[in-house]
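Trainee: Sending over entry.txt (compact mmCIF, N, CA and C atoms).
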# COMPACT_ATOMS: atom_id res chain seq x y z
N MET A 1 -37.41 -28.23 -0.23
CA MET A 1 -37.25 -27.37 -1.39
C MET A 1 -38.09 -26.10 -1.18
N THR A 2 -37.50 -24.95 -1.46
CA THR A 2 -38.21 -23.69 -1.28
C THR A 2 -39.27 -23.51 -2.36
N LYS A 3 -40.17 -22.59 -2.09
CA LYS A 3 -41.25 -22.29 -3.03
C LYS A 3 -40.69 -21.81 -4.37
N ASP A 4 -39.67 -20.95 -4.33
CA ASP A 4 -39.06 -20.44 -5.56
C ASP A 4 -38.40 -21.54 -6.37
N LYS A 5 -37.73 -22.46 -5.69
CA LYS A 5 -37.07 -23.58 -6.39
C LYS A 5 -38.10 -24.51 -7.02
N LYS A 6 -39.20 -24.74 -6.31
CA LYS A 6 -40.27 -25.58 -6.86
C LYS A 6 -40.87 -24.94 -8.11
N LYS A 7 -41.08 -23.63 -8.03
CA LYS A 7 -41.64 -22.93 -9.18
C LYS A 7 -40.67 -22.97 -10.36
N ALA A 8 -39.40 -22.74 -10.11
CA ALA A 8 -38.39 -22.78 -11.18
C ALA A 8 -38.32 -24.17 -11.80
N GLU A 9 -38.41 -25.20 -10.97
CA GLU A 9 -38.39 -26.58 -11.46
C GLU A 9 -39.62 -26.88 -12.33
N LEU A 10 -40.77 -26.39 -11.90
CA LEU A 10 -42.00 -26.57 -12.66
C LEU A 10 -41.92 -25.86 -14.01
N LEU A 11 -41.42 -24.63 -14.00
CA LEU A 11 -41.27 -23.87 -15.24
C LEU A 11 -40.30 -24.55 -16.19
N ARG A 12 -39.21 -25.08 -15.66
CA ARG A 12 -38.23 -25.81 -16.48
C ARG A 12 -38.87 -27.04 -17.12
N LYS A 13 -39.68 -27.74 -16.35
CA LYS A 13 -40.37 -28.93 -16.85
C LYS A 13 -41.32 -28.56 -17.99
N ILE A 14 -42.07 -27.49 -17.82
CA ILE A 14 -42.99 -27.03 -18.86
C ILE A 14 -42.22 -26.64 -20.11
N LEU A 15 -41.15 -25.87 -19.95
CA LEU A 15 -40.36 -25.43 -21.10
C LEU A 15 -39.78 -26.63 -21.86
N ASN A 16 -39.25 -27.61 -21.13
CA ASN A 16 -38.68 -28.79 -21.78
C ASN A 16 -39.74 -29.56 -22.57
N LYS A 17 -40.95 -29.63 -22.05
CA LYS A 17 -42.02 -30.31 -22.79
C LYS A 17 -42.43 -29.51 -24.02
N ILE A 18 -42.50 -28.19 -23.89
CA ILE A 18 -42.84 -27.35 -25.04
C ILE A 18 -41.80 -27.53 -26.14
N SER A 19 -40.54 -27.59 -25.76
CA SER A 19 -39.47 -27.70 -26.76
C SER A 19 -39.37 -29.09 -27.37
N SER A 20 -39.74 -30.12 -26.63
CA SER A 20 -39.56 -31.48 -27.15
C SER A 20 -40.83 -32.14 -27.67
N LYS A 21 -41.98 -31.76 -27.17
CA LYS A 21 -43.23 -32.45 -27.52
C LYS A 21 -44.09 -31.70 -28.54
N VAL A 22 -43.96 -30.40 -28.63
CA VAL A 22 -44.77 -29.64 -29.59
C VAL A 22 -44.13 -29.75 -30.97
N PRO A 23 -44.89 -30.21 -31.96
CA PRO A 23 -44.32 -30.39 -33.31
C PRO A 23 -43.63 -29.12 -33.83
N GLY A 24 -42.42 -29.32 -34.36
CA GLY A 24 -41.65 -28.23 -34.94
C GLY A 24 -40.70 -27.54 -33.98
N ASN A 25 -40.91 -27.68 -32.68
CA ASN A 25 -40.08 -26.95 -31.72
C ASN A 25 -38.74 -27.61 -31.44
N SER A 26 -38.56 -28.86 -31.80
CA SER A 26 -37.28 -29.53 -31.51
C SER A 26 -36.22 -29.25 -32.57
N ILE A 27 -36.63 -28.62 -33.68
CA ILE A 27 -35.67 -28.22 -34.71
C ILE A 27 -35.59 -26.70 -34.75
N CYS A 28 -34.50 -26.19 -35.28
CA CYS A 28 -34.29 -24.74 -35.35
C CYS A 28 -35.33 -24.09 -36.26
N ALA A 29 -35.96 -23.04 -35.78
CA ALA A 29 -36.97 -22.32 -36.56
C ALA A 29 -36.39 -21.67 -37.81
N ASP A 30 -35.09 -21.42 -37.82
CA ASP A 30 -34.49 -20.71 -38.94
C ASP A 30 -33.73 -21.61 -39.92
N CYS A 31 -32.82 -22.43 -39.43
CA CYS A 31 -32.00 -23.25 -40.34
C CYS A 31 -32.41 -24.71 -40.38
N LYS A 32 -33.34 -25.09 -39.52
CA LYS A 32 -33.87 -26.46 -39.45
C LYS A 32 -32.88 -27.47 -38.88
N ALA A 33 -31.84 -27.00 -38.18
CA ALA A 33 -30.92 -27.91 -37.50
C ALA A 33 -31.70 -28.74 -36.48
N LYS A 34 -31.23 -29.95 -36.22
CA LYS A 34 -32.00 -30.90 -35.42
C LYS A 34 -31.99 -30.64 -33.92
N TYR A 35 -31.08 -29.85 -33.42
CA TYR A 35 -31.03 -29.64 -31.97
C TYR A 35 -31.19 -28.15 -31.65
N ALA A 36 -32.39 -27.77 -31.29
CA ALA A 36 -32.69 -26.37 -30.97
C ALA A 36 -32.66 -26.19 -29.45
N CYS A 37 -31.49 -25.85 -28.93
CA CYS A 37 -31.32 -25.74 -27.47
C CYS A 37 -31.27 -24.28 -27.00
N TRP A 38 -31.58 -23.37 -27.88
CA TRP A 38 -31.65 -21.95 -27.57
C TRP A 38 -33.03 -21.45 -27.99
N ALA A 39 -33.37 -20.25 -27.56
CA ALA A 39 -34.67 -19.69 -27.92
C ALA A 39 -34.59 -18.18 -28.00
N SER A 40 -35.43 -17.63 -28.85
CA SER A 40 -35.69 -16.20 -28.82
C SER A 40 -37.07 -16.09 -28.18
N TRP A 41 -37.08 -15.78 -26.89
CA TRP A 41 -38.33 -15.88 -26.16
C TRP A 41 -39.36 -14.84 -26.59
N ASN A 42 -38.93 -13.66 -26.98
CA ASN A 42 -39.92 -12.65 -27.38
C ASN A 42 -40.53 -12.96 -28.75
N LEU A 43 -39.80 -13.73 -29.59
CA LEU A 43 -40.35 -14.18 -30.87
C LEU A 43 -41.07 -15.52 -30.73
N GLY A 44 -40.85 -16.20 -29.62
CA GLY A 44 -41.52 -17.46 -29.36
C GLY A 44 -40.98 -18.64 -30.14
N ILE A 45 -39.66 -18.61 -30.45
CA ILE A 45 -39.08 -19.67 -31.29
C ILE A 45 -37.90 -20.36 -30.61
N PHE A 46 -37.72 -21.62 -30.98
CA PHE A 46 -36.56 -22.40 -30.56
C PHE A 46 -35.56 -22.41 -31.71
N ILE A 47 -34.28 -22.19 -31.39
CA ILE A 47 -33.24 -22.07 -32.42
C ILE A 47 -31.98 -22.81 -32.00
N CYS A 48 -31.11 -23.05 -32.97
CA CYS A 48 -29.83 -23.71 -32.70
C CYS A 48 -28.80 -22.68 -32.22
N VAL A 49 -27.66 -23.16 -31.78
CA VAL A 49 -26.62 -22.28 -31.25
C VAL A 49 -26.09 -21.32 -32.32
N LYS A 50 -25.97 -21.76 -33.56
CA LYS A 50 -25.48 -20.86 -34.62
C LYS A 50 -26.48 -19.75 -34.91
N CYS A 51 -27.74 -20.10 -35.00
CA CYS A 51 -28.76 -19.07 -35.24
C CYS A 51 -28.93 -18.16 -34.02
N ALA A 52 -28.69 -18.70 -32.82
CA ALA A 52 -28.75 -17.87 -31.61
C ALA A 52 -27.74 -16.73 -31.70
N GLY A 53 -26.55 -17.03 -32.23
CA GLY A 53 -25.54 -15.99 -32.42
C GLY A 53 -26.02 -14.92 -33.38
N ALA A 54 -26.67 -15.33 -34.46
CA ALA A 54 -27.20 -14.36 -35.42
C ALA A 54 -28.32 -13.53 -34.79
N HIS A 55 -29.14 -14.15 -33.97
CA HIS A 55 -30.22 -13.42 -33.29
C HIS A 55 -29.65 -12.39 -32.31
N ARG A 56 -28.58 -12.75 -31.62
CA ARG A 56 -27.95 -11.78 -30.71
C ARG A 56 -27.49 -10.54 -31.49
N GLY A 57 -27.04 -10.75 -32.71
CA GLY A 57 -26.59 -9.65 -33.55
C GLY A 57 -27.70 -8.70 -33.97
N LEU A 58 -28.95 -9.14 -33.87
CA LEU A 58 -30.08 -8.29 -34.23
C LEU A 58 -30.34 -7.21 -33.18
N GLY A 59 -29.91 -7.48 -31.95
CA GLY A 59 -30.19 -6.57 -30.84
C GLY A 59 -31.40 -7.03 -30.05
N THR A 60 -31.45 -6.67 -28.78
CA THR A 60 -32.53 -7.14 -27.91
C THR A 60 -33.87 -6.46 -28.20
N HIS A 61 -33.86 -5.40 -28.98
CA HIS A 61 -35.13 -4.79 -29.36
C HIS A 61 -35.84 -5.64 -30.42
N ILE A 62 -35.12 -6.59 -31.02
CA ILE A 62 -35.72 -7.48 -32.02
C ILE A 62 -35.82 -8.91 -31.49
N SER A 63 -34.75 -9.42 -30.88
CA SER A 63 -34.71 -10.82 -30.46
C SER A 63 -34.01 -10.95 -29.11
N ARG A 64 -34.66 -11.61 -28.19
CA ARG A 64 -34.10 -11.83 -26.84
C ARG A 64 -33.79 -13.31 -26.66
N VAL A 65 -32.51 -13.61 -26.70
CA VAL A 65 -32.03 -15.00 -26.74
C VAL A 65 -31.73 -15.53 -25.34
N LYS A 66 -32.15 -16.77 -25.10
CA LYS A 66 -31.86 -17.47 -23.85
C LYS A 66 -31.55 -18.92 -24.16
N SER A 67 -30.76 -19.53 -23.30
CA SER A 67 -30.52 -20.97 -23.38
C SER A 67 -31.70 -21.70 -22.76
N VAL A 68 -32.17 -22.74 -23.45
CA VAL A 68 -33.25 -23.55 -22.91
C VAL A 68 -32.80 -24.26 -21.65
N ASP A 69 -31.55 -24.70 -21.62
CA ASP A 69 -31.04 -25.51 -20.52
C ASP A 69 -30.32 -24.74 -19.42
N LEU A 70 -29.67 -23.64 -19.76
CA LEU A 70 -28.78 -22.97 -18.81
C LEU A 70 -29.38 -21.74 -18.12
N ASP A 71 -30.30 -21.07 -18.77
CA ASP A 71 -30.85 -19.83 -18.21
C ASP A 71 -32.10 -20.08 -17.38
N GLU A 72 -32.39 -19.12 -16.50
CA GLU A 72 -33.64 -19.14 -15.74
C GLU A 72 -34.73 -18.52 -16.61
N TRP A 73 -35.92 -19.07 -16.53
CA TRP A 73 -37.06 -18.61 -17.31
C TRP A 73 -38.19 -18.20 -16.37
N ASN A 74 -38.96 -17.18 -16.79
CA ASN A 74 -40.11 -16.79 -15.98
C ASN A 74 -41.41 -17.16 -16.72
N GLU A 75 -42.53 -16.96 -16.05
CA GLU A 75 -43.82 -17.36 -16.61
C GLU A 75 -44.15 -16.63 -17.91
N THR A 76 -43.85 -15.35 -17.98
CA THR A 76 -44.13 -14.58 -19.19
C THR A 76 -43.38 -15.15 -20.38
N GLU A 77 -42.10 -15.41 -20.22
CA GLU A 77 -41.28 -15.93 -21.31
C GLU A 77 -41.78 -17.30 -21.77
N ILE A 78 -42.11 -18.16 -20.83
CA ILE A 78 -42.59 -19.49 -21.19
C ILE A 78 -43.97 -19.41 -21.84
N SER A 79 -44.79 -18.50 -21.39
CA SER A 79 -46.10 -18.30 -22.00
C SER A 79 -45.97 -17.92 -23.48
N VAL A 80 -45.03 -17.04 -23.78
CA VAL A 80 -44.79 -16.64 -25.18
C VAL A 80 -44.35 -17.86 -26.00
N MET A 81 -43.42 -18.64 -25.46
CA MET A 81 -42.94 -19.83 -26.16
C MET A 81 -44.08 -20.81 -26.43
N GLN A 82 -44.92 -20.99 -25.44
CA GLN A 82 -46.04 -21.92 -25.56
C GLN A 82 -47.06 -21.44 -26.58
N ASN A 83 -47.31 -20.15 -26.62
CA ASN A 83 -48.38 -19.62 -27.45
C ASN A 83 -47.98 -19.26 -28.87
N ILE A 84 -46.68 -19.29 -29.16
CA ILE A 84 -46.24 -19.06 -30.54
C ILE A 84 -45.63 -20.34 -31.06
N GLY A 85 -44.39 -20.63 -30.72
CA GLY A 85 -43.73 -21.84 -31.21
C GLY A 85 -43.24 -21.68 -32.64
N ASN A 86 -42.39 -22.61 -33.06
CA ASN A 86 -41.74 -22.53 -34.36
C ASN A 86 -42.71 -22.58 -35.54
N VAL A 87 -43.68 -23.47 -35.49
CA VAL A 87 -44.60 -23.63 -36.62
C VAL A 87 -45.40 -22.35 -36.83
N ASN A 88 -46.02 -21.83 -35.78
CA ASN A 88 -46.82 -20.60 -35.91
C ASN A 88 -45.96 -19.41 -36.33
N SER A 89 -44.77 -19.32 -35.75
CA SER A 89 -43.88 -18.22 -36.11
C SER A 89 -43.52 -18.27 -37.59
N ASN A 90 -43.17 -19.45 -38.07
CA ASN A 90 -42.77 -19.56 -39.47
C ASN A 90 -43.93 -19.38 -40.44
N ILE A 91 -45.14 -19.73 -40.02
CA ILE A 91 -46.31 -19.44 -40.85
C ILE A 91 -46.41 -17.93 -41.07
N ALA A 92 -46.10 -17.17 -40.04
CA ALA A 92 -46.16 -15.71 -40.14
C ALA A 92 -44.93 -15.12 -40.80
N TYR A 93 -43.74 -15.43 -40.28
CA TYR A 93 -42.50 -14.78 -40.73
C TYR A 93 -41.95 -15.31 -42.05
N GLU A 94 -42.37 -16.50 -42.48
CA GLU A 94 -41.91 -17.05 -43.76
C GLU A 94 -43.06 -17.20 -44.74
N ASN A 95 -44.12 -16.46 -44.53
CA ASN A 95 -45.33 -16.59 -45.33
C ASN A 95 -45.09 -16.38 -46.82
N LYS A 96 -44.24 -15.43 -47.16
CA LYS A 96 -43.99 -15.10 -48.57
C LYS A 96 -42.66 -15.66 -49.07
N LEU A 97 -42.03 -16.51 -48.29
CA LEU A 97 -40.72 -17.06 -48.64
C LEU A 97 -40.87 -18.33 -49.46
N THR A 98 -40.17 -18.38 -50.59
CA THR A 98 -40.18 -19.60 -51.41
C THR A 98 -39.00 -20.48 -51.00
N ILE A 99 -39.10 -21.76 -51.28
CA ILE A 99 -38.02 -22.68 -50.96
C ILE A 99 -36.76 -22.34 -51.76
N VAL A 100 -36.93 -21.89 -52.98
CA VAL A 100 -35.78 -21.49 -53.80
C VAL A 100 -35.08 -20.29 -53.17
N GLU A 101 -35.85 -19.32 -52.74
CA GLU A 101 -35.28 -18.13 -52.09
C GLU A 101 -34.61 -18.51 -50.77
N TYR A 102 -35.24 -19.38 -49.99
CA TYR A 102 -34.66 -19.83 -48.72
C TYR A 102 -33.31 -20.50 -48.96
N ASN A 103 -33.27 -21.46 -49.87
CA ASN A 103 -32.02 -22.18 -50.15
C ASN A 103 -30.94 -21.24 -50.66
N SER A 104 -31.31 -20.31 -51.50
CA SER A 104 -30.36 -19.36 -52.07
C SER A 104 -29.73 -18.48 -51.00
N ILE A 105 -30.55 -17.90 -50.14
CA ILE A 105 -30.03 -16.97 -49.14
C ILE A 105 -29.30 -17.71 -48.01
N MET A 106 -29.77 -18.89 -47.61
CA MET A 106 -29.09 -19.63 -46.54
C MET A 106 -27.73 -20.13 -47.00
N ASN A 107 -27.56 -20.36 -48.29
CA ASN A 107 -26.25 -20.75 -48.81
C ASN A 107 -25.26 -19.60 -48.75
N VAL A 108 -25.75 -18.38 -48.75
CA VAL A 108 -24.89 -17.20 -48.71
C VAL A 108 -24.58 -16.80 -47.27
N SER A 109 -25.63 -16.64 -46.44
CA SER A 109 -25.40 -16.12 -45.09
C SER A 109 -26.58 -16.36 -44.17
N ARG A 110 -26.33 -17.06 -43.09
CA ARG A 110 -27.33 -17.26 -42.03
C ARG A 110 -27.73 -15.90 -41.44
N ASP A 111 -26.73 -15.04 -41.17
CA ASP A 111 -27.01 -13.73 -40.59
C ASP A 111 -27.91 -12.89 -41.49
N LEU A 112 -27.66 -12.94 -42.79
CA LEU A 112 -28.47 -12.18 -43.74
C LEU A 112 -29.91 -12.69 -43.74
N PHE A 113 -30.08 -14.01 -43.77
CA PHE A 113 -31.42 -14.59 -43.75
C PHE A 113 -32.18 -14.16 -42.50
N ILE A 114 -31.55 -14.27 -41.35
CA ILE A 114 -32.21 -13.94 -40.09
C ILE A 114 -32.52 -12.45 -40.00
N SER A 115 -31.63 -11.62 -40.52
CA SER A 115 -31.89 -10.18 -40.55
C SER A 115 -33.09 -9.86 -41.44
N LYS A 116 -33.14 -10.46 -42.61
CA LYS A 116 -34.27 -10.21 -43.52
C LYS A 116 -35.58 -10.72 -42.93
N LYS A 117 -35.50 -11.83 -42.22
CA LYS A 117 -36.70 -12.45 -41.65
C LYS A 117 -37.26 -11.64 -40.48
N TYR A 118 -36.40 -11.21 -39.57
CA TYR A 118 -36.89 -10.59 -38.33
C TYR A 118 -36.69 -9.08 -38.25
N ARG A 119 -35.64 -8.54 -38.83
CA ARG A 119 -35.43 -7.10 -38.80
C ARG A 119 -36.23 -6.43 -39.91
N GLU A 120 -36.03 -6.92 -41.14
CA GLU A 120 -36.71 -6.32 -42.29
C GLU A 120 -38.12 -6.85 -42.48
N LYS A 121 -38.37 -8.05 -41.98
CA LYS A 121 -39.69 -8.70 -42.06
C LYS A 121 -40.21 -8.79 -43.49
N ILE A 122 -39.32 -9.13 -44.42
CA ILE A 122 -39.71 -9.09 -45.83
C ILE A 122 -40.65 -10.23 -46.25
N TRP A 123 -40.73 -11.29 -45.47
CA TRP A 123 -41.62 -12.40 -45.81
C TRP A 123 -42.80 -12.50 -44.85
N LEU A 124 -42.96 -11.51 -43.98
CA LEU A 124 -44.01 -11.54 -42.95
C LEU A 124 -45.40 -11.43 -43.58
N ILE A 125 -46.31 -12.23 -43.07
CA ILE A 125 -47.70 -12.18 -43.52
C ILE A 125 -48.23 -10.76 -43.30
N ASP A 126 -49.07 -10.29 -44.20
CA ASP A 126 -49.52 -8.90 -44.17
C ASP A 126 -50.31 -8.52 -42.92
N ASP A 127 -51.15 -9.39 -42.43
CA ASP A 127 -52.02 -9.02 -41.31
C ASP A 127 -51.57 -9.65 -39.99
N TYR A 128 -50.27 -9.82 -39.81
CA TYR A 128 -49.75 -10.47 -38.60
C TYR A 128 -49.97 -9.62 -37.37
N ILE A 129 -50.52 -10.25 -36.35
CA ILE A 129 -50.67 -9.63 -35.04
C ILE A 129 -50.06 -10.59 -34.03
N ALA A 130 -49.07 -10.13 -33.31
CA ALA A 130 -48.42 -10.98 -32.30
C ALA A 130 -49.43 -11.35 -31.22
N PRO A 131 -49.41 -12.62 -30.78
CA PRO A 131 -50.35 -13.03 -29.74
C PRO A 131 -50.13 -12.27 -28.44
N GLU A 132 -51.23 -12.03 -27.75
CA GLU A 132 -51.13 -11.41 -26.43
C GLU A 132 -50.67 -12.46 -25.43
N ARG A 133 -50.24 -11.99 -24.27
CA ARG A 133 -49.81 -12.94 -23.23
C ARG A 133 -51.01 -13.75 -22.76
N ILE A 134 -50.84 -15.05 -22.82
CA ILE A 134 -51.87 -15.97 -22.38
C ILE A 134 -51.26 -16.80 -21.25
N PRO A 135 -52.01 -17.08 -20.20
CA PRO A 135 -51.44 -17.87 -19.11
C PRO A 135 -50.90 -19.22 -19.60
N ILE A 136 -49.92 -19.74 -18.89
CA ILE A 136 -49.32 -21.02 -19.23
C ILE A 136 -50.39 -22.11 -19.14
N ASN A 137 -50.42 -22.96 -20.15
CA ASN A 137 -51.35 -24.08 -20.18
C ASN A 137 -50.78 -25.22 -19.35
N THR A 138 -51.51 -25.66 -18.39
CA THR A 138 -51.01 -26.70 -17.48
C THR A 138 -51.04 -28.10 -18.09
N LYS A 139 -51.49 -28.25 -19.32
CA LYS A 139 -51.47 -29.59 -19.94
C LYS A 139 -50.05 -30.10 -20.11
N PHE A 140 -49.06 -29.22 -20.00
CA PHE A 140 -47.67 -29.61 -20.14
C PHE A 140 -47.07 -30.13 -18.83
N LEU A 141 -47.85 -30.20 -17.79
CA LEU A 141 -47.34 -30.70 -16.51
C LEU A 141 -47.37 -32.20 -16.46
Kindly present the structure from the file in structure tokens form.
Mentor:
Amino acid sequence: MTKDKKKAELLRKILNKISSKVPGNSICADCKAKYACWASWNLGIFICVKCAGAHRGLGTHISRVKSVDLDEWNETEISVMQNIGNVNSNIAYENKLTIVEYNSIMNVSRDLFISKKYREKIWLIDDYIAPERIPINTKFL
């Protein structure tokens, strides 16, 4: 096995553990669907296929979508996923969101909810600072 293939395999293993073992990452960060097999790597969240479509509609300047299983991942992207994750992201991006408001808007439109959450940032915590790039933690090996 070549050095590049070994590295890709190692990164895949780390990503799979981040998505399955870290609390909150196995469900969609936006709609709470049980199988989050996609991700917005720059936002550091795992999402379902339906929400991935809505994220693509935001544009790559807001959300960069990749398949957890099908796409190649690099160290920077995995580092972001490891250092943010669904729970931390939602603490920030849904800070001012009530359950009544969530249920009301999700019943109308997934695209609208995701746009308000990430494009308009209407529920974002006031003093949010995105984490800097931190090296991948090897505890996931």
Trainee: Just give me the residues with any atom within 6.5 Å of (-40.3, -12.3, -43.9), file coordinates, counting only N, CA and C atoms, written as a list in words.
Mentor: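 Taken together, the residues in range are Ala92, Tyr93, Glu94, Asn95, Lys96, Leu97, Lys116, Lys117, Tyr118, Glu120, Lys121, Ile122, Trp123, Leu124 and Ile125 of chain A.
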Trainee: Could you check which of A:Ser26, A:Ser89, A:Thr60, A:Ser104 is closest to Ile47 of chain A, using only N, CA and C atoms?
Mentor: A:Ser26
Trainee: Using all atoms listed in the file, determine which residues lie at most 7 Å from segment 63-80 of chain A, disregarding the query and same-chain residues fewer than 3 positions distant; provide the list as a PDB file with N, CA and C atoms, in the coordinates of the input.
Mentor:
ATOM      1  N   ALA A   8     -39.400 -22.740 -10.110  1.00  0.00           N
ATOM      2  CA  ALA A   8     -38.390 -22.780 -11.180  1.00  0.00           C
ATOM      3  C   ALA A   8     -38.320 -24.170 -11.800  1.00  0.00           C
ATOM      4  N   LEU A  11     -41.420 -24.630 -14.000  1.00  0.00           N
ATOM      5  CA  LEU A  11     -41.270 -23.870 -15.240  1.00  0.00           C
ATOM      6  C   LEU A  11     -40.300 -24.550 -16.190  1.00  0.00           C
ATOM      7  N   ARG A  12     -39.210 -25.080 -15.660  1.00  0.00           N
ATOM      8  CA  ARG A  12     -38.230 -25.810 -16.480  1.00  0.00           C
ATOM      9  C   ARG A  12     -38.870 -27.040 -17.120  1.00  0.00           C
ATOM     10  N   LEU A  15     -41.150 -25.870 -19.950  1.00  0.00           N
ATOM     11  CA  LEU A  15     -40.360 -25.430 -21.100  1.00  0.00           C
ATOM     12  C   LEU A  15     -39.780 -26.630 -21.860  1.00  0.00           C
ATOM     13  N   ALA A  36     -32.390 -27.770 -31.290  1.00  0.00           N
ATOM     14  CA  ALA A  36     -32.690 -26.370 -30.970  1.00  0.00           C
ATOM     15  C   ALA A  36     -32.660 -26.190 -29.450  1.00  0.00           C
ATOM     16  N   CYS A  37     -31.490 -25.850 -28.930  1.00  0.00           N
ATOM     17  CA  CYS A  37     -31.320 -25.740 -27.470  1.00  0.00           C
ATOM     18  C   CYS A  37     -31.270 -24.280 -27.000  1.00  0.00           C
ATOM     19  N   TRP A  38     -31.580 -23.370 -27.880  1.00  0.00           N
ATOM     20  CA  TRP A  38     -31.650 -21.950 -27.570  1.00  0.00           C
ATOM     21  C   TRP A  38     -33.030 -21.450 -27.990  1.00  0.00           C
ATOM     22  N   ALA A  39     -33.370 -20.250 -27.560  1.00  0.00           N
ATOM     23  CA  ALA A  39     -34.670 -19.690 -27.920  1.00  0.00           C
ATOM     24  C   ALA A  39     -34.590 -18.180 -28.000  1.00  0.00           C
ATOM     25  N   SER A  40     -35.430 -17.630 -28.850  1.00  0.00           N
ATOM     26  CA  SER A  40     -35.690 -16.200 -28.820  1.00  0.00           C
ATOM     27  C   SER A  40     -37.070 -16.090 -28.180  1.00  0.00           C
ATOM     28  N   TRP A  41     -37.080 -15.780 -26.890  1.00  0.00           N
ATOM     29  CA  TRP A  41     -38.330 -15.880 -26.160  1.00  0.00           C
ATOM     30  C   TRP A  41     -39.360 -14.840 -26.590  1.00  0.00           C
ATOM     31  N   ASN A  42     -38.930 -13.660 -26.980  1.00  0.00           N
ATOM     32  CA  ASN A  42     -39.920 -12.650 -27.380  1.00  0.00           C
ATOM     33  C   ASN A  42     -40.530 -12.960 -28.750  1.00  0.00           C
ATOM     34  N   LEU A  43     -39.800 -13.730 -29.590  1.00  0.00           N
ATOM     35  CA  LEU A  43     -40.350 -14.180 -30.870  1.00  0.00           C
ATOM     36  C   LEU A  43     -41.070 -15.520 -30.730  1.00  0.00           C
ATOM     37  N   GLY A  44     -40.850 -16.200 -29.620  1.00  0.00           N
ATOM     38  CA  GLY A  44     -41.520 -17.460 -29.360  1.00  0.00           C
ATOM     39  C   GLY A  44     -40.980 -18.640 -30.140  1.00  0.00           C
ATOM     40  N   ILE A  45     -39.660 -18.610 -30.450  1.00  0.00           N
ATOM     41  CA  ILE A  45     -39.080 -19.670 -31.290  1.00  0.00           C
ATOM     42  C   ILE A  45     -37.900 -20.360 -30.610  1.00  0.00           C
ATOM     43  N   ALA A  52     -28.690 -18.700 -32.820  1.00  0.00           N
ATOM     44  CA  ALA A  52     -28.750 -17.870 -31.610  1.00  0.00           C
ATOM     45  C   ALA A  52     -27.740 -16.730 -31.700  1.00  0.00           C
ATOM     46  N   HIS A  55     -29.140 -14.150 -33.970  1.00  0.00           N
ATOM     47  CA  HIS A  55     -30.220 -13.420 -33.290  1.00  0.00           C
ATOM     48  C   HIS A  55     -29.650 -12.390 -32.310  1.00  0.00           C
ATOM     49  N   ARG A  56     -28.580 -12.750 -31.620  1.00  0.00           N
ATOM     50  CA  ARG A  56     -27.950 -11.780 -30.710  1.00  0.00           C
ATOM     51  C   ARG A  56     -27.490 -10.540 -31.490  1.00  0.00           C
ATOM     52  N   LEU A  58     -28.950  -9.140 -33.870  1.00  0.00           N
ATOM     53  CA  LEU A  58     -30.080  -8.290 -34.230  1.00  0.00           C
ATOM     54  C   LEU A  58     -30.340  -7.210 -33.180  1.00  0.00           C
ATOM     55  N   GLY A  59     -29.910  -7.480 -31.950  1.00  0.00           N
ATOM     56  CA  GLY A  59     -30.190  -6.570 -30.840  1.00  0.00           C
ATOM     57  C   GLY A  59     -31.400  -7.030 -30.050  1.00  0.00           C
ATOM     58  N   THR A  60     -31.450  -6.670 -28.780  1.00  0.00           N
ATOM     59  CA  THR A  60     -32.530  -7.140 -27.910  1.00  0.00           C
ATOM     60  C   THR A  60     -33.870  -6.460 -28.200  1.00  0.00           C
ATOM     61  N   ASN A  83     -47.310 -20.150 -26.620  1.00  0.00           N
ATOM     62  CA  ASN A  83     -48.380 -19.620 -27.450  1.00  0.00           C
ATOM     63  C   ASN A  83     -47.980 -19.260 -28.870  1.00  0.00           C
ATOM     64  N   ILE A  84     -46.680 -19.290 -29.160  1.00  0.00           N
ATOM     65  CA  ILE A  84     -46.240 -19.060 -30.540  1.00  0.00           C
ATOM     66  C   ILE A  84     -45.630 -20.340 -31.060  1.00  0.00           C
ATOM     67  N   GLY A  85     -44.390 -20.630 -30.720  1.00  0.00           N
ATOM     68  CA  GLY A  85     -43.730 -21.840 -31.210  1.00  0.00           C
ATOM     69  C   GLY A  85     -43.240 -21.680 -32.640  1.00  0.00           C
ATOM     70  N   ARG A 133     -50.240 -11.990 -24.270  1.00  0.00           N
ATOM     71  CA  ARG A 133     -49.810 -12.940 -23.230  1.00  0.00           C
ATOM     72  C   ARG A 133     -51.010 -13.750 -22.760  1.00  0.00           C
ATOM     73  N   ILE A 134     -50.840 -15.050 -22.820  1.00  0.00           N
ATOM     74  CA  ILE A 134     -51.870 -15.970 -22.380  1.00  0.00           C
ATOM     75  C   ILE A 134     -51.260 -16.800 -21.250  1.00  0.00           C
ATOM     76  N   PRO A 135     -52.010 -17.080 -20.200  1.00  0.00           N
ATOM     77  CA  PRO A 135     -51.440 -17.870 -19.110  1.00  0.00           C
ATOM     78  C   PRO A 135     -50.900 -19.220 -19.600  1.00  0.00           C
ATOM     79  N   ILE A 136     -49.920 -19.740 -18.890  1.00  0.00           N
ATOM     80  CA  ILE A 136     -49.320 -21.020 -19.230  1.00  0.00           C
ATOM     81  C   ILE A 136     -50.390 -22.110 -19.140  1.00  0.00           C
ATOM     82  N   ASN A 137     -50.420 -22.960 -20.150  1.00  0.00           N
ATOM     83  CA  ASN A 137     -51.350 -24.080 -20.180  1.00  0.00           C
ATOM     84  C   ASN A 137     -50.780 -25.220 -19.350  1.00  0.00           C
TER      85      ASN A 137
END
Trainee: Check the smallest atom-to-atom distance from each of A:Cys51, A:Lys3, A:Lys21, A:Asn86 to Phe113 of chain A using only C-alpha atoms, then report the winner.
Mentor: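 Answer, going by the shortest atom-to-atom distance: A:Cys51.
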Trainee: Between A:Ile99, A:Ala54, A:Leu10, A:Cys48, which one has atoms that come closest to Asp111 of chain A, using only N, CA and C atoms?
Mentor: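 Among A:Ile99, A:Ala54, A:Leu10, A:Cys48, it is A:Ala54 that comes nearest to Asp111 of chain A.
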Trainee: So how far away is atom C of Asn25 of chain A from atom N of Ser115 of chain A, in Å?
Mentor: 19.7 Å
Trainee: For atom CA of Lys17 of chain A and atom CA of Met1 of chain A, determine how far apart the two atoms are, in Å to one decimal place.
Mentor: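 We find that atom CA of Lys17 of chain A and atom CA of Met1 of chain A lie 22.1 Å from each other.
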